[in-house]
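Below you'll find the structure, written out as structure tokens, and then a few comments.
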Amino acid sequence: MEKKSPPSRDPVSKVLAGYSNSEFQAMIENFRYETMLAGGDVSLFANTRLATFLHTTIVSPRKTSVPLPYEPNPEIGKVEAETAYGKLSLDDFVTSPKSFIQAFIVAHKGKVVYELYPGMKPTDSHLWASTAKPIAGLLIEQLVDEGKIDLNNTYR
């Protein structure tokens with residue numbers, strides 16, 4: 001079996017820097033479901049422009065959203081871990097051109113304590129993909145804890 005080479009990967013800052021007309025057109029021409037999921041340049045391009053390629057709907061909440069309180073804690077960015085790129089602080093890992101992270105946020109006890117957006121604006125819409133699954137699970141668990149869902153009650 002022939003081994004596929006990894007897709008090309010621009011640094012995430014490319015999204016903020018912008019694309020030339022020819023680069024923009026090339027991304028559109030190269031968009032396929034497979035290229036979007038491959039984690040390369042087309043993925044980076046498509047993550048904040050999904051409505052350009054696929055039918056999407058932004059579901060508005062029934063109630064007005066309220067921003068979380070913001071209490072940044074610079075110590076979080078200094079936490080170090082061994083990564084595929086060596087021992088790095090969270091700040092260095094998130095902003096590394098190799099990391100491919102477009103945004104990173106940490107909320108603790110209802111407050112935003114850390115956030116960086118190296119590859120998108122904080123107001124950009126972004127493809128949630130697999131991130132949505134744990135969020136849905138967390139919300140269901142919260143409803144169970146509040147007694148609004150009974151796990152022992154089966155509906156048939």
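Convention: chains lettered A, B, ... in structure tokens order; per-chain residue numbering from 1; ligands numbered from 1 as shown.
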Compile the contact shell of region 19-32 of chain A as a tab-separated table (two decimals) with C-alpha atoms, in the first residue's frame: residues with an atom at most 9 Å away, counting only C-alpha atoms, same-chain residues fewer than 5 positions apart removed.
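Output below, filename around-v5.tsv:
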chain	number	residue	atom	x	y	z
A	14	LYS	CA	-1.88	32.60	7.78
A	37	LEU	CA	-10.70	16.43	7.42
A	41	ASP	CA	-4.08	24.03	4.63
A	42	VAL	CA	-7.58	23.40	3.24
A	43	SER	CA	-8.76	22.45	6.75
A	45	PHE	CA	-8.93	27.68	5.50
A	46	ALA	CA	-12.31	25.94	5.80
A	52	THR	CA	-18.73	28.73	1.91
A	53	PHE	CA	-18.59	24.99	1.23
Discussion item. Using only C-alpha atoms, which protein or nucleic acid residues come within 12 Å of Glu71 (chain A)? Drop anything in the same chain fewer than 4 positions from it, and give the result as a list in words.
Written reply: Glu75, Ile76, Val106, Ala107, His108, Lys109, Gly110, Lys111, Val112, Val113, Tyr114 and Glu115 of chain A
Save the residues we just selected, N, CA and C atoms, as a PDB file, in the first residue's frame?
ATOM      1  N   GLU A  75      -0.440  32.462  34.891  1.00  0.00           N
ATOM      2  CA  GLU A  75       0.273  31.255  35.328  1.00  0.00           C
ATOM      3  C   GLU A  75      -0.128  30.034  34.491  1.00  0.00           C
ATOM      4  N   ILE A  76      -1.361  30.022  33.979  1.00  0.00           N
ATOM      5  CA  ILE A  76      -1.814  28.890  33.164  1.00  0.00           C
ATOM      6  C   ILE A  76      -0.952  28.756  31.916  1.00  0.00           C
ATOM      7  N   VAL A 106      -9.642  28.397  28.229  1.00  0.00           N
ATOM      8  CA  VAL A 106      -9.843  27.629  29.453  1.00  0.00           C
ATOM      9  C   VAL A 106     -10.830  28.409  30.322  1.00  0.00           C
ATOM     10  N   ALA A 107     -11.901  27.741  30.708  1.00  0.00           N
ATOM     11  CA  ALA A 107     -12.863  28.328  31.646  1.00  0.00           C
ATOM     12  C   ALA A 107     -12.782  27.522  32.934  1.00  0.00           C
ATOM     13  N   HIS A 108     -12.805  28.215  34.049  1.00  0.00           N
ATOM     14  CA  HIS A 108     -12.723  27.566  35.360  1.00  0.00           C
ATOM     15  C   HIS A 108     -13.714  28.247  36.292  1.00  0.00           C
ATOM     16  N   LYS A 109     -14.615  27.423  36.852  1.00  0.00           N
ATOM     17  CA  LYS A 109     -15.627  27.924  37.778  1.00  0.00           C
ATOM     18  C   LYS A 109     -16.390  29.115  37.186  1.00  0.00           C
ATOM     19  N   GLY A 110     -16.767  28.961  35.900  1.00  0.00           N
ATOM     20  CA  GLY A 110     -17.596  29.973  35.254  1.00  0.00           C
ATOM     21  C   GLY A 110     -16.874  31.222  34.805  1.00  0.00           C
ATOM     22  N   LYS A 111     -15.544  31.216  34.825  1.00  0.00           N
ATOM     23  CA  LYS A 111     -14.774  32.390  34.408  1.00  0.00           C
ATOM     24  C   LYS A 111     -13.742  31.982  33.360  1.00  0.00           C
ATOM     25  N   VAL A 112     -13.555  32.844  32.363  1.00  0.00           N
ATOM     26  CA  VAL A 112     -12.490  32.621  31.387  1.00  0.00           C
ATOM     27  C   VAL A 112     -11.182  33.003  32.067  1.00  0.00           C
ATOM     28  N   VAL A 113     -10.282  32.022  32.171  1.00  0.00           N
ATOM     29  CA  VAL A 113      -9.019  32.278  32.860  1.00  0.00           C
ATOM     30  C   VAL A 113      -7.826  32.266  31.904  1.00  0.00           C
ATOM     31  N   TYR A 114      -8.063  31.796  30.666  1.00  0.00           N
ATOM     32  CA  TYR A 114      -6.968  31.752  29.688  1.00  0.00           C
ATOM     33  C   TYR A 114      -7.567  31.680  28.298  1.00  0.00           C
ATOM     34  N   GLU A 115      -7.037  32.477  27.373  1.00  0.00           N
ATOM     35  CA  GLU A 115      -7.453  32.361  25.983  1.00  0.00           C
ATOM     36  C   GLU A 115      -6.400  32.973  25.069  1.00  0.00           C
TER      37      GLU A 115
END
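For chain A, the set of residues given strand (DSSP E) by DSSP on the backbone reads Glu80, Ala81, Glu82, Thr83, Gly86, Lys87, Leu88, Ser89, Phe104, Ile105, Val106, Ala107, His108, Lys111, Val112, Val113, Tyr114, Glu115 and Leu116 of chain A.
In this comparison, which uses only C-alpha atoms, the residue of A:Val15, A:Val59, A:Val79, A:Leu116 approaching Thr95 (chain A) most closely is A:Leu116.
Closest approach to Pro11 (chain A) among A:Lys87, A:Arg49, A:Lys98, A:Lys63 is made by A:Lys98 (distances from only C-alpha atoms).
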Discussion item. What's around Lys78 (chain A) at 7 Å? Count only C-alpha atoms, leave out sequence neighbours fewer than 4 positions away in its own chain, and write the answer as JSON, numbers by chain.
Written reply: {"A": [74, 89, 90, 91]}
Worksheet item: Between CA of Ala103 (chain A) and CA of Met120 (chain A), what is the spacing in Å?
Response: 6.7 Å
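Ranking A:Trp128, A:Tyr70, A:Phe93, A:Tyr117 by their shortest atom-to-atom distance to Leu50 (chain A), with only C-alpha atoms included, puts A:Trp128 first.
Near Pro118 (chain A), within a cut-off of 8 Å and counting only C-alpha atoms, sit the residues A:Val12, A:Ser13, A:Val94, A:Thr95, A:Ile101, A:Gln102, A:Ala103, with same-chain residues fewer than 5 positions away left out.
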Requested write-out: C-alpha atoms of the selected residues, as a PDB file, in the first residue's frame:
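Written file, selection.pdb:
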ATOM      1  CA  VAL A  12      -2.334  29.201  11.655  1.00  0.00           C
ATOM      2  CA  SER A  13      -1.295  32.859  11.546  1.00  0.00           C
ATOM      3  CA  VAL A  94      -0.435  27.277  21.408  1.00  0.00           C
ATOM      4  CA  THR A  95       1.538  29.932  19.517  1.00  0.00           C
ATOM      5  CA  ILE A 101      -4.042  25.455  17.063  1.00  0.00           C
ATOM      6  CA  GLN A 102      -6.384  28.211  15.905  1.00  0.00           C
ATOM      7  CA  ALA A 103      -7.862  29.043  19.317  1.00  0.00           C
TER       8      ALA A 103
END
Worksheet item: So which residues of region 20-140 of chain A fall under helix (DSSP H, G or I) by DSSP, listed as a ChimeraX atom specification?
Response: /A:21-30,33-37,41-47,50-52,74-78,90-95,129-140
Written selection (C-alpha atoms) as a tab-separated table (two decimals), in the first residue's frame:
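Okay, this is what ended up in part.tsv:
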chain	number	residue	atom	x	y	z
A	21	ASN	CA	-6.90	36.06	-4.58
A	22	SER	CA	-5.04	33.14	-6.18
A	23	GLU	CA	-4.54	31.39	-2.81
A	24	PHE	CA	-8.20	31.89	-1.94
A	25	GLN	CA	-9.28	30.44	-5.30
A	26	ALA	CA	-6.90	27.47	-4.90
A	27	MET	CA	-8.38	26.65	-1.48
A	28	ILE	CA	-11.88	26.66	-2.92
A	29	GLU	CA	-10.83	24.49	-5.86
A	30	ASN	CA	-9.05	22.00	-3.57
A	33	TYR	CA	-14.66	16.51	2.35
A	34	GLU	CA	-11.42	14.49	2.57
A	35	THR	CA	-9.18	17.58	2.37
A	36	MET	CA	-11.24	19.35	5.01
A	37	LEU	CA	-10.70	16.43	7.42
A	41	ASP	CA	-4.08	24.03	4.63
A	42	VAL	CA	-7.58	23.40	3.24
A	43	SER	CA	-8.76	22.45	6.75
A	44	LEU	CA	-7.24	25.60	8.17
A	45	PHE	CA	-8.93	27.68	5.50
A	46	ALA	CA	-12.31	25.94	5.80
A	47	ASN	CA	-12.58	25.87	9.61
A	50	LEU	CA	-17.49	26.31	6.39
A	51	ALA	CA	-20.63	28.03	5.14
A	52	THR	CA	-18.73	28.73	1.91
A	74	PRO	CA	-1.00	34.23	33.31
A	75	GLU	CA	0.27	31.25	35.33
A	76	ILE	CA	-1.81	28.89	33.16
A	77	GLY	CA	0.21	29.83	30.09
A	78	LYS	CA	3.43	29.02	31.95
A	90	LEU	CA	1.12	26.16	27.10
A	91	ASP	CA	1.76	29.67	25.72
A	92	ASP	CA	4.62	28.40	23.54
A	93	PHE	CA	2.70	25.34	22.38
A	94	VAL	CA	-0.43	27.28	21.41
A	95	THR	CA	1.54	29.93	19.52
A	129	ALA	CA	-16.61	19.09	14.92
A	130	SER	CA	-15.63	16.56	17.60
A	131	THR	CA	-15.42	19.26	20.26
A	132	ALA	CA	-19.22	19.39	20.29
A	133	LYS	CA	-19.50	15.82	21.62
A	134	PRO	CA	-18.04	16.41	25.09
A	135	ILE	CA	-19.94	19.70	25.35
A	136	ALA	CA	-23.23	17.86	24.67
A	137	GLY	CA	-22.25	15.16	27.18
A	138	LEU	CA	-21.41	17.77	29.80
A	139	LEU	CA	-24.76	19.51	29.30
A	140	ILE	CA	-26.63	16.21	29.59
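Coordinates place CA of Asp124 (chain A) at a distance of 19.0 Å from CA of Asp10 (chain A).
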Counting only C-alpha atoms, which residues of region 29-146 of chain A sit at most 10 Å from some atom of region 150-154 of chain A, and what is each one's closest atom pair with its distance in Å to one decimal, listed by chain and rising residue number, as a Markdown table?
| residue | atom | partner | partner_atom | distance |
| --- | --- | --- | --- | --- |
| A:Glu141 | CA | A:Leu151 | CA | 9.8 |
| A:Leu143 | CA | A:Asp150 | CA | 8.8 |
| A:Val144 | CA | A:Asp150 | CA | 6.3 |
| A:Asp145 | CA | A:Asp150 | CA | 9.2 |
| A:Glu146 | CA | A:Asp150 | CA | 9.7 |
